[in-house]
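Containing mmCIF, C-alpha atoms: model.cif.
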data_structure
#
loop_
_atom_site.group_PDB
_atom_site.id
_atom_site.type_symbol
_atom_site.label_atom_id
_atom_site.label_comp_id
_atom_site.auth_asym_id
_atom_site.auth_seq_id
_atom_site.Cartn_x
_atom_site.Cartn_y
_atom_site.Cartn_z
ATOM 1 C CA MET Y 1 83.353 50.899 85.684
ATOM 2 C CA ARG Y 2 84.902 53.808 87.609
ATOM 3 C CA ASP Y 3 84.190 56.238 84.734
ATOM 4 C CA LYS Y 4 80.553 55.145 84.795
ATOM 5 C CA SER Y 5 80.332 55.820 88.536
ATOM 6 C CA THR Y 6 82.059 59.211 88.127
ATOM 7 C CA LYS Y 7 79.711 60.182 85.295
ATOM 8 C CA ARG Y 8 76.686 59.093 87.325
ATOM 9 C CA LEU Y 9 77.742 61.304 90.256
ATOM 10 C CA LEU Y 10 78.117 64.271 87.912
ATOM 11 C CA ILE Y 11 74.642 63.648 86.426
ATOM 12 C CA VAL Y 12 73.187 63.424 89.954
ATOM 13 C CA TRP Y 13 74.829 66.749 90.867
ATOM 14 C CA ALA Y 14 73.430 68.320 87.667
ATOM 15 C CA ILE Y 15 69.901 67.064 88.449
ATOM 16 C CA LEU Y 16 70.097 68.370 92.039
ATOM 17 C CA THR Y 17 71.338 71.748 90.787
ATOM 18 C CA ALA Y 18 68.578 71.895 88.149
ATOM 19 C CA LEU Y 19 65.971 71.131 90.838
ATOM 20 C CA THR Y 20 67.415 73.985 92.932
ATOM 21 C CA LEU Y 21 67.070 76.350 89.964
ATOM 22 C CA VAL Y 22 63.390 75.338 89.617
ATOM 23 C CA TYR Y 23 62.908 77.325 92.849
ATOM 24 C CA VAL Y 24 64.092 80.498 91.100
ATOM 25 C CA TRP Y 25 61.498 79.967 88.364
ATOM 26 C CA LEU Y 26 58.848 79.216 91.016
ATOM 27 C CA ASP Y 27 59.798 82.403 92.855
ATOM 28 C CA HIS Y 28 59.603 84.566 89.703
ATOM 29 C CA THR Y 29 56.232 83.188 88.626
ATOM 30 C CA THR Y 30 54.562 83.808 92.007
ATOM 31 C CA ASP Y 31 56.222 87.052 93.076
ATOM 32 C CA ALA Y 32 56.560 88.887 89.761
ATOM 33 C CA ASN Y 33 56.205 92.411 91.232
ATOM 34 C CA GLY Y 34 58.630 91.826 94.116
ATOM 35 C CA THR Y 35 55.939 91.344 96.773
ATOM 36 C CA LEU Y 36 55.638 87.892 98.316
ATOM 37 C CA HIS Y 37 52.232 86.231 98.247
ATOM 38 C CA ALA Y 38 50.989 83.273 100.255
ATOM 39 C CA SER Y 39 50.598 80.220 98.018
ATOM 40 C CA SER Y 40 49.742 76.617 98.850
ATOM 41 C CA VAL Y 41 50.979 75.512 95.404
ATOM 42 C CA VAL Y 42 54.427 77.026 96.026
ATOM 43 C CA THR Y 43 54.588 75.633 99.580
ATOM 44 C CA VAL Y 44 53.631 72.095 98.529
ATOM 45 C CA SER Y 45 55.990 72.280 95.500
ATOM 46 C CA ALA Y 46 58.858 73.555 97.681
ATOM 47 C CA ILE Y 47 58.411 70.686 100.162
ATOM 48 C CA ALA Y 48 58.021 68.100 97.361
ATOM 49 C CA ILE Y 49 61.137 69.296 95.475
ATOM 50 C CA ALA Y 50 63.182 69.398 98.699
ATOM 51 C CA LEU Y 51 62.174 65.821 99.584
ATOM 52 C CA ILE Y 52 62.911 64.575 96.048
ATOM 53 C CA LYS Y 53 66.372 66.148 96.381
ATOM 54 C CA VAL Y 54 66.905 64.568 99.816
ATOM 55 C CA ARG Y 55 65.919 61.137 98.478
ATOM 56 C CA ILE Y 56 68.342 61.520 95.558
ATOM 57 C CA ILE Y 57 71.109 62.493 98.032
ATOM 58 C CA PHE Y 58 70.284 59.420 100.156
ATOM 59 C CA ARG Y 59 70.232 57.005 97.217
ATOM 60 C CA GLU Y 60 73.104 58.299 95.099
ATOM 61 C CA PHE Y 61 75.545 60.340 97.215
ATOM 62 C CA MET Y 62 75.028 58.370 100.458
ATOM 63 C CA GLU Y 63 75.008 55.072 98.513
ATOM 64 C CA VAL Y 64 71.732 53.808 99.987
ATOM 65 C CA ARG Y 65 70.994 52.386 96.504
ATOM 66 C CA GLY Y 66 73.519 49.610 97.183
ATOM 67 C CA ALA Y 67 72.748 49.265 100.904
ATOM 68 C CA PRO Y 68 70.704 46.497 102.589
ATOM 69 C CA ALA Y 69 66.949 46.638 102.049
ATOM 70 C CA TRP Y 70 66.278 47.763 105.646
ATOM 71 C CA LEU Y 71 68.287 50.962 105.145
ATOM 72 C CA CYS Y 72 66.500 51.668 101.833
ATOM 73 C CA ARG Y 73 63.148 51.202 103.564
ATOM 74 C CA LEU Y 74 64.206 53.262 106.589
ATOM 75 C CA THR Y 75 65.317 56.252 104.506
ATOM 76 C CA ASP Y 76 62.278 56.024 102.189
ATOM 77 C CA GLY Y 77 60.054 55.749 105.261
ATOM 78 C CA TRP Y 78 61.703 58.852 106.724
ATOM 79 C CA VAL Y 79 60.967 60.810 103.531
ATOM 80 C CA VAL Y 80 57.282 59.762 103.732
ATOM 81 C CA VAL Y 81 57.081 60.661 107.461
ATOM 82 C CA VAL Y 82 58.640 64.084 106.824
ATOM 83 C CA ALA Y 83 56.236 64.747 103.939
ATOM 84 C CA ALA Y 84 53.266 63.804 106.165
ATOM 85 C CA CYS Y 85 54.517 65.944 109.094
ATOM 86 C CA LEU Y 86 55.286 69.034 107.008
ATOM 87 C CA LEU Y 87 52.190 68.963 104.801
ATOM 88 C CA GLY Y 88 50.034 68.018 107.807
ATOM 89 C CA SER Y 89 51.371 70.938 109.884
ATOM 90 C CA TYR Y 90 50.898 73.340 106.994
ATOM 91 C CA PHE Y 91 47.330 72.318 106.092
ATOM 92 C CA ILE Y 92 46.101 71.842 109.675
ATOM 93 C CA GLY Y 93 47.691 75.207 110.594
ATOM 94 C CA SER Y 94 46.007 76.856 107.582
ATOM 95 C CA ALA Y 95 42.641 75.326 108.521
ATOM 96 C CA VAL Y 96 42.947 76.566 112.126
ATOM 97 C CA ALA Y 97 44.026 80.044 110.984
ATOM 98 C CA MET J 98 72.209 25.415 86.698
ATOM 99 C CA THR J 99 73.821 25.265 90.099
ATOM 100 C CA ASN J 100 77.102 26.519 88.618
ATOM 101 C CA LEU J 101 75.314 29.410 86.958
ATOM 102 C CA ALA J 102 73.615 30.341 90.212
ATOM 103 C CA GLU J 103 76.929 30.102 92.036
ATOM 104 C CA SER J 104 78.735 32.241 89.477
ATOM 105 C CA GLU J 105 75.945 34.842 89.630
ATOM 106 C CA HIS J 106 76.221 34.795 93.402
ATOM 107 C CA VAL J 107 79.939 35.506 93.153
ATOM 108 C CA THR J 108 79.594 38.446 90.707
ATOM 109 C CA VAL J 109 76.864 40.327 92.633
ATOM 110 C CA PRO J 110 78.568 42.610 95.184
ATOM 111 C CA PRO J 111 77.212 42.189 98.729
ATOM 112 C CA ARG J 112 74.808 44.892 99.897
ATOM 113 C CA ARG J 113 76.309 46.648 102.906
ATOM 114 C CA VAL J 114 75.691 49.715 105.019
ATOM 115 C CA PRO J 115 77.951 52.596 103.892
ATOM 116 C CA GLY J 116 80.075 53.579 106.923
ATOM 117 C CA GLN J 117 79.315 52.788 110.538
ATOM 118 C CA PRO J 118 75.658 51.976 111.348
ATOM 119 C CA ASP J 119 75.975 54.244 114.440
ATOM 120 C CA MET J 120 76.414 57.235 112.141
ATOM 121 C CA TRP J 121 73.151 56.301 110.378
ATOM 122 C CA LEU J 122 71.356 56.280 113.741
ATOM 123 C CA PHE J 123 72.769 59.760 114.383
ATOM 124 C CA VAL J 124 71.679 60.887 110.894
ATOM 125 C CA LEU J 125 68.098 59.704 111.402
ATOM 126 C CA PHE J 126 67.976 61.167 114.929
ATOM 127 C CA GLU J 127 69.157 64.563 113.651
ATOM 128 C CA ALA J 128 66.753 64.364 110.727
ATOM 129 C CA MET J 129 63.800 63.688 113.054
ATOM 130 C CA LEU J 130 64.786 66.602 115.335
ATOM 131 C CA PHE J 131 64.852 69.003 112.395
ATOM 132 C CA THR J 132 61.582 67.552 111.060
ATOM 133 C CA GLY J 133 59.921 68.363 114.401
ATOM 134 C CA TYR J 134 61.226 71.917 114.223
ATOM 135 C CA PHE J 135 60.105 72.366 110.605
ATOM 136 C CA SER J 136 56.606 71.131 111.497
ATOM 137 C CA VAL J 137 56.274 73.676 114.324
ATOM 138 C CA TYR J 138 57.696 76.411 112.054
ATOM 139 C CA LEU J 139 55.173 75.662 109.282
ATOM 140 C CA ALA J 140 52.240 75.578 111.722
ATOM 141 C CA LEU J 141 53.313 78.907 113.331
ATOM 142 C CA ARG J 142 53.818 80.428 109.896
ATOM 143 C CA THR J 143 50.220 79.799 108.887
ATOM 144 C CA GLN J 144 49.016 81.693 112.006
ATOM 145 C CA ASN J 145 50.844 84.865 110.985
ATOM 146 C CA GLU J 146 51.340 84.520 107.242
ATOM 147 C CA ASP J 147 51.589 88.218 106.284
ATOM 148 C CA LEU J 148 54.199 88.982 108.917
ATOM 149 C CA PHE J 149 56.320 86.006 107.854
ATOM 150 C CA LEU J 150 56.055 86.999 104.168
ATOM 151 C CA GLN J 151 57.049 90.600 104.928
ATOM 152 C CA SER J 152 60.185 89.480 106.773
ATOM 153 C CA GLN J 153 60.964 86.770 104.216
ATOM 154 C CA ALA J 154 61.001 89.408 101.447
ATOM 155 C CA ASP J 155 64.259 90.771 102.937
ATOM 156 C CA LEU J 156 66.087 87.501 102.189
ATOM 157 C CA ASP J 157 68.067 87.366 98.947
ATOM 158 C CA LEU J 158 67.041 84.185 97.112
ATOM 159 C CA ARG J 159 70.191 84.366 94.956
ATOM 160 C CA VAL J 160 72.414 83.900 98.030
ATOM 161 C CA GLY J 161 70.285 80.939 99.162
ATOM 162 C CA VAL J 162 70.444 79.313 95.726
ATOM 163 C CA PHE J 163 74.199 79.926 95.475
ATOM 164 C CA ASN J 164 74.823 78.418 98.915
ATOM 165 C CA THR J 165 72.635 75.401 98.101
ATOM 166 C CA ILE J 166 74.589 74.712 94.894
ATOM 167 C CA VAL J 167 77.868 75.140 96.823
ATOM 168 C CA LEU J 168 76.789 72.542 99.417
ATOM 169 C CA LEU J 169 75.513 70.176 96.700
ATOM 170 C CA SER J 170 78.954 70.517 95.076
ATOM 171 C CA SER J 171 80.602 69.700 98.416
ATOM 172 C CA SER J 172 78.427 66.574 98.666
ATOM 173 C CA TRP J 173 79.462 65.591 95.139
ATOM 174 C CA ALA J 174 83.145 66.130 96.082
ATOM 175 C CA VAL J 175 82.944 63.971 99.211
ATOM 176 C CA ALA J 176 81.108 61.253 97.213
ATOM 177 C CA ARG J 177 84.024 61.335 94.733
ATOM 178 C CA CYS J 178 86.406 61.080 97.699
ATOM 179 C CA VAL J 179 84.660 57.863 98.837
ATOM 180 C CA ARG J 180 84.844 56.348 95.325
ATOM 181 C CA ALA J 181 88.513 57.324 94.922
ATOM 182 C CA ALA J 182 89.450 55.845 98.319
ATOM 183 C CA ARG J 183 87.569 52.644 97.427
ATOM 184 C CA ALA J 184 89.610 52.426 94.212
ATOM 185 C CA GLY J 185 92.821 52.869 96.223
ATOM 186 C CA GLN J 186 93.501 56.312 94.724
ATOM 187 C CA TYR J 187 94.253 58.047 97.994
ATOM 188 C CA ARG J 188 95.915 61.147 96.532
ATOM 189 C CA SER J 189 92.782 61.818 94.507
ATOM 190 C CA ALA J 190 90.624 61.057 97.587
ATOM 191 C CA MET J 191 92.548 63.672 99.610
ATOM 192 C CA THR J 192 92.121 66.233 96.814
ATOM 193 C CA PHE J 193 88.347 65.684 96.816
ATOM 194 C CA ALA J 194 88.231 65.830 100.630
ATOM 195 C CA ALA J 195 90.112 69.150 100.498
ATOM 196 C CA ALA J 196 87.688 70.398 97.805
ATOM 197 C CA THR J 197 84.809 69.486 100.145
ATOM 198 C CA VAL J 198 86.374 71.633 102.877
ATOM 199 C CA GLY J 199 86.816 74.440 100.320
ATOM 200 C CA PHE J 200 83.131 74.355 99.347
ATOM 201 C CA GLY J 201 82.203 74.286 103.043
ATOM 202 C CA VAL J 202 84.333 77.379 103.705
ATOM 203 C CA VAL J 203 82.668 79.227 100.793
ATOM 204 C CA PHE J 204 79.261 78.286 102.244
ATOM 205 C CA ALA J 205 80.233 79.544 105.729
ATOM 206 C CA ILE J 206 81.618 82.848 104.354
ATOM 207 C CA PHE J 207 78.446 83.543 102.372
ATOM 208 C CA LYS J 208 76.260 82.561 105.329
ATOM 209 C CA VAL J 209 78.052 84.970 107.682
ATOM 210 C CA GLY J 210 77.962 87.633 104.920
ATOM 211 C CA GLU J 211 74.202 87.159 104.663
ATOM 212 C CA TRP J 212 73.808 87.532 108.446
ATOM 213 C CA ILE J 213 75.826 90.800 108.367
ATOM 214 C CA HIS J 214 73.660 92.067 105.490
ATOM 215 C CA GLU J 215 70.426 91.214 107.353
ATOM 216 C CA ILE J 216 71.622 92.815 110.606
ATOM 217 C CA ARG J 217 72.479 96.003 108.659
ATOM 218 C CA LEU J 218 68.896 95.971 107.318
ATOM 219 C CA GLY J 219 67.685 95.856 110.935
ATOM 220 C CA ASN J 220 66.677 92.192 110.831
ATOM 221 C CA THR J 221 68.041 90.814 114.100
ATOM 222 C CA PHE J 222 67.084 87.804 116.243
ATOM 223 C CA THR J 223 64.451 89.820 118.100
ATOM 224 C CA SER J 224 63.076 91.903 115.207
ATOM 225 C CA SER J 225 60.472 89.374 114.008
ATOM 226 C CA GLU J 226 59.273 85.814 114.526
ATOM 227 C CA PHE J 227 60.479 84.831 111.054
ATOM 228 C CA PHE J 228 64.025 86.063 111.757
ATOM 229 C CA GLN J 229 64.075 84.209 115.088
ATOM 230 C CA HIS J 230 63.526 80.998 113.125
ATOM 231 C CA TYR J 231 65.963 82.149 110.415
ATOM 232 C CA TYR J 232 68.845 82.829 112.827
ATOM 233 C CA PHE J 233 68.129 79.743 114.943
ATOM 234 C CA LEU J 234 67.994 77.331 111.995
ATOM 235 C CA THR J 235 70.906 78.824 110.035
ATOM 236 C CA SER J 236 73.192 79.081 113.100
ATOM 237 C CA LEU J 237 72.345 75.528 114.211
ATOM 238 C CA HIS J 238 73.145 74.378 110.688
ATOM 239 C CA LEU J 239 76.407 76.358 110.621
ATOM 240 C CA ILE J 240 77.448 74.608 113.864
ATOM 241 C CA HIS J 241 76.918 71.313 111.986
ATOM 242 C CA VAL J 242 79.114 72.674 109.154
ATOM 243 C CA LEU J 243 81.867 73.583 111.671
ATOM 244 C CA ILE J 244 81.680 70.079 113.205
ATOM 245 C CA GLY J 245 81.867 68.838 109.593
ATOM 246 C CA PHE J 246 85.226 70.616 109.195
ATOM 247 C CA ILE J 247 86.561 68.616 112.162
ATOM 248 C CA VAL J 248 85.143 65.404 110.639
ATOM 249 C CA LEU J 249 86.747 66.202 107.265
ATOM 250 C CA GLY J 250 90.002 67.076 109.048
ATOM 251 C CA VAL J 251 89.975 63.606 110.652
ATOM 252 C CA LEU J 252 89.234 62.123 107.207
ATOM 253 C CA ILE J 253 92.223 63.862 105.576
ATOM 254 C CA TYR J 254 94.475 62.940 108.535
ATOM 255 C CA GLN J 255 93.481 59.272 108.217
ATOM 256 C CA LEU J 256 93.955 59.252 104.439
ATOM 257 C CA ARG J 257 97.476 60.685 104.690
ATOM 258 C CA SER J 258 99.024 57.548 106.181
ATOM 259 C CA PRO J 259 98.642 54.019 104.751
ATOM 260 C CA LEU J 260 98.597 52.710 108.350
ATOM 261 C CA ARG J 261 95.520 54.752 109.275
ATOM 262 C CA ARG J 262 93.404 54.302 106.151
ATOM 263 C CA SER J 263 89.990 52.735 106.627
ATOM 264 C CA GLN J 264 87.255 52.712 104.009
ATOM 265 C CA GLU J 265 84.596 52.458 106.721
ATOM 266 C CA LEU J 266 85.874 55.657 108.321
ATOM 267 C CA VAL J 267 85.915 57.457 104.941
ATOM 268 C CA GLU J 268 82.268 56.461 104.376
ATOM 269 C CA THR J 269 81.267 57.432 107.937
ATOM 270 C CA CYS J 270 82.780 60.913 107.556
ATOM 271 C CA ALA J 271 81.092 61.297 104.138
ATOM 272 C CA THR J 272 77.725 60.255 105.614
ATOM 273 C CA TYR J 273 78.030 63.033 108.206
ATOM 274 C CA TRP J 274 78.843 65.620 105.527
ATOM 275 C CA HIS J 275 75.937 64.521 103.306
ATOM 276 C CA THR J 276 73.671 65.025 106.350
ATOM 277 C CA VAL J 277 74.874 68.626 106.579
ATOM 278 C CA ASP J 278 73.948 68.954 102.900
ATOM 279 C CA PHE J 279 70.450 67.434 102.992
ATOM 280 C CA LEU J 280 69.541 69.353 106.163
ATOM 281 C CA TRP J 281 70.422 72.566 104.322
ATOM 282 C CA VAL J 282 68.274 71.475 101.338
ATOM 283 C CA MET J 283 65.305 71.327 103.743
ATOM 284 C CA ILE J 284 66.202 74.557 105.608
ATOM 285 C CA PHE J 285 66.595 76.417 102.302
ATOM 286 C CA ALA J 286 63.109 75.350 101.173
ATOM 287 C CA MET J 287 61.585 76.286 104.552
ATOM 288 C CA LEU J 288 63.147 79.746 104.847
ATOM 289 C CA TYR J 289 63.491 81.007 101.270
ATOM 290 C CA ILE J 290 60.798 79.279 99.216
ATOM 291 C CA VAL J 291 57.766 78.282 101.293
ATOM 292 C CA ARG J 292 54.961 80.809 100.892
#

Please go through the file and, once you have read it, give me the structure as structure tokens.
Amino acid sequence: MRDKSTKRLLIVWAILTALTLVYVWLDHTTDANGTLHASSVVTVSAIAIALIKVRIIFREFMEVRGAPAWLCRLTDGWVVVVAACLLGSYFIGSAVA
Amino acid sequence: MTNLAESEHVTVPPRRVPGQPDMWLFVLFEAMLFTGYFSVYLALRTQNEDLFLQSQADLDLRVGVFNTIVLLSSSWAVARCVRAARAGQYRSAMTFAAATVGFGVVFAIFKVGEWIHEIRLGNTFTSSEFFQHYYFLTSLHLIHVLIGFIVLGVLIYQLRSPLRRSQELVETCATYWHTVDFLWVMIFAMLYIVR
């Protein structure tokens, strides 16, 4: 039972690390010549990957997976609110600019 | 049928809040504060995109990635500490708590090293709007890391004596440290990746 839990934590860490390394690939594909370029795809992907990572941290490392339903809903709701705030600010800001 | 239902009821562990609920209120409060800041940052960024991109080019992504993996490792270590304490393996729990502190120290050293590097390049708090946000967010986060060292110190102190051990306290301290980790995950995306 304990080995299973230990293995699961290691797999979670590996997934989170792999998701972090996706950023390096994202960075190389958009800024190949060393100059940074504005990109909505990269911005939306960066926010999405970060929120996926945060949700995994909530559920697995912070043990929300085994917590009462209200805490699961509260943390999931927070992720949705953050996504709406960040993407909303970015797209409204871009439209105004 | 009733017996089966009863036996199933007995085997399913009760769902409970990890740590003290007060800490969760603090976590969500902190998370909302940072969300507000990130929203303003993203909106301001779109008004002056080229300037932000120029300044952002001076950041070394490798340092950001390294520091993110270090903090993720610290989160993994403190999660192992919680599991070990729950299993009554307190020596192992203390080792993982100490490893968490070690990862935190590595993070802090690299963060300060990055600041020194940026200042040498001429990127100070007043040099550009992007670096104002960079120094504000990273220093605010580092303050959370330093508070985390105190929290982890309390955790190790409590684990050392059988009279002081409390699983709820272990989980509360771990919840705080995980918050330090997930806030960095967001800050890293905002400062190093967003285009």

### Query
Written as a PyMOL selection string, what is the full residue list that the PyMOL selection byres ((chain J) within 8 of (chain Y)) yields on the file shown?
chain J and resi 112-115+125+132-133+135-137+139-141+143-144+146-147+150-151+154+158+162+165-166+169-170+172-173+176-177+271-272+275+279+282-283+286-287+290-292

Around all the atoms of stretch 43-48 of chain Y listed in the file, with 5 Å of room on each side, what axis-aligned box do you get, giving centre and edge lengths in Å to one decimal, as AutoDock Vina command-line options?
--center_x 56.2 --center_y 71.9 --center_z 97.8 --size_x 15.2 --size_y 17.5 --size_z 14.7

### Task
Rounded to one decimal place, report the atom CA of Y:His28-atom CA of J:Phe207 distance in Å.
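The value is 22.7 Å.
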
### Message
When the PyMOL selection byres ((chain J and resi 208) around 9) is applied to the structure above, which residues does it catch, written out as a list in words?
### Response
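Selection result, ordered by chain and number: Val160, Gly161, Asn164, Val203, Phe204, Ala205, Ile206, Phe207, Val209, Gly210, Glu211, Trp212, Ile213, Thr235 and Leu239 of chain J.
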
### Message
For this structure, which residues satisfy the selection - the PyMOL selection byres ((chain J and resi 193-195) around 9) - when it is evaluated on the file as given? I want them as a list in words.
### Response
Ser171, Ala174, Val175, Ala176, Arg177, Cys178, Val179, Ala181, Arg188, Ser189, Ala190, Met191, Thr192, Ala196, Thr197, Val198, Gly199, Phe200, Leu249, Gly250, Leu252 and Ile253 of chain J

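Coordinates place atom CA of J:His238 at a distance of 12.0 Å from atom CA of J:Leu168.
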
### Query
Interatomic distance between atom CA of J:Leu130 and atom CA of J:Glu215?
26.5 Å

Using the partial input, fill out stretch 180-189 of chain J with all heavy atoms; write the result as a CSV table (one decimal), in the coordinates of the input.
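out_9.csv written:
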chain,number,residue,atom,x,y,z
J,180,ARG,N,84.6,57.2,96.5
J,180,ARG,CA,84.8,56.3,95.3
J,180,ARG,C,86.4,56.2,95.1
J,180,ARG,O,86.8,55.1,94.8
J,180,ARG,CB,84.2,56.9,94.1
J,180,ARG,CG,82.7,57.2,94.1
J,180,ARG,CD,81.8,55.9,94.3
J,180,ARG,NE,80.5,56.1,93.9
J,180,ARG,CZ,79.5,56.7,94.5
J,180,ARG,NH1,79.8,57.3,95.7
J,180,ARG,NH2,78.3,56.8,94.1
J,181,ALA,N,87.1,57.4,95.2
J,181,ALA,CA,88.5,57.3,94.9
J,181,ALA,C,89.2,56.5,96.0
J,181,ALA,O,90.1,55.7,95.6
J,181,ALA,CB,89.1,58.8,94.9
J,182,ALA,N,88.8,56.6,97.2
J,182,ALA,CA,89.4,55.8,98.3
J,182,ALA,C,89.2,54.4,98.1
J,182,ALA,O,90.1,53.5,98.3
J,182,ALA,CB,88.9,56.3,99.7
J,183,ARG,N,87.9,54.0,97.7
J,183,ARG,CA,87.6,52.6,97.4
J,183,ARG,C,88.4,52.0,96.3
J,183,ARG,O,88.8,50.9,96.4
J,183,ARG,CB,86.1,52.6,97.1
J,183,ARG,CG,85.5,51.2,97.1
J,183,ARG,CD,84.0,51.2,96.9
J,183,ARG,NE,83.3,51.8,98.0
J,183,ARG,CZ,82.3,52.6,98.0
J,183,ARG,NH1,81.8,52.9,96.8
J,183,ARG,NH2,81.7,53.0,99.1
J,184,ALA,N,88.8,52.9,95.3
J,184,ALA,CA,89.6,52.4,94.2
J,184,ALA,C,91.1,52.4,94.6
J,184,ALA,O,91.9,52.1,93.7
J,184,ALA,CB,89.3,53.3,93.0
J,185,GLY,N,91.4,52.8,95.8
J,185,GLY,CA,92.8,52.9,96.2
J,185,GLY,C,93.6,54.1,95.7
J,185,GLY,O,94.8,54.2,95.9
J,186,GLN,N,92.8,55.1,95.2
J,186,GLN,CA,93.5,56.3,94.7
J,186,GLN,C,93.5,57.4,95.8
J,186,GLN,O,92.6,58.3,95.8
J,186,GLN,CB,92.8,56.8,93.5
J,186,GLN,CG,92.9,55.8,92.3
J,186,GLN,CD,92.0,56.1,91.1
J,186,GLN,OE1,91.0,56.8,91.3
J,186,GLN,NE2,92.4,55.6,90.0
J,187,TYR,N,94.3,57.2,96.8
J,187,TYR,CA,94.3,58.0,98.0
J,187,TYR,C,94.6,59.5,97.8
J,187,TYR,O,94.1,60.4,98.4
J,187,TYR,CB,95.1,57.4,99.1
J,187,TYR,CG,94.5,56.1,99.5
J,187,TYR,CD1,95.1,54.9,99.2
J,187,TYR,CD2,93.3,56.0,100.3
J,187,TYR,CE1,94.5,53.7,99.5
J,187,TYR,CE2,92.7,54.8,100.6
J,187,TYR,CZ,93.3,53.7,100.2
J,187,TYR,OH,92.7,52.5,100.6
J,188,ARG,N,95.5,59.8,96.8
J,188,ARG,CA,95.9,61.1,96.5
J,188,ARG,C,94.7,61.9,96.0
J,188,ARG,O,94.4,63.0,96.4
J,188,ARG,CB,97.1,61.2,95.5
J,188,ARG,CG,97.6,62.6,95.3
J,188,ARG,CD,98.9,62.5,94.5
J,188,ARG,NE,100.1,62.0,95.3
J,188,ARG,CZ,100.8,62.8,96.1
J,188,ARG,NH1,100.5,64.1,96.2
J,188,ARG,NH2,101.8,62.3,96.8
J,189,SER,N,94.0,61.2,95.1
J,189,SER,CA,92.8,61.8,94.5
J,189,SER,C,91.7,62.0,95.6
J,189,SER,O,91.0,63.0,95.7
J,189,SER,CB,92.3,60.9,93.4
J,189,SER,OG,91.0,61.3,92.9
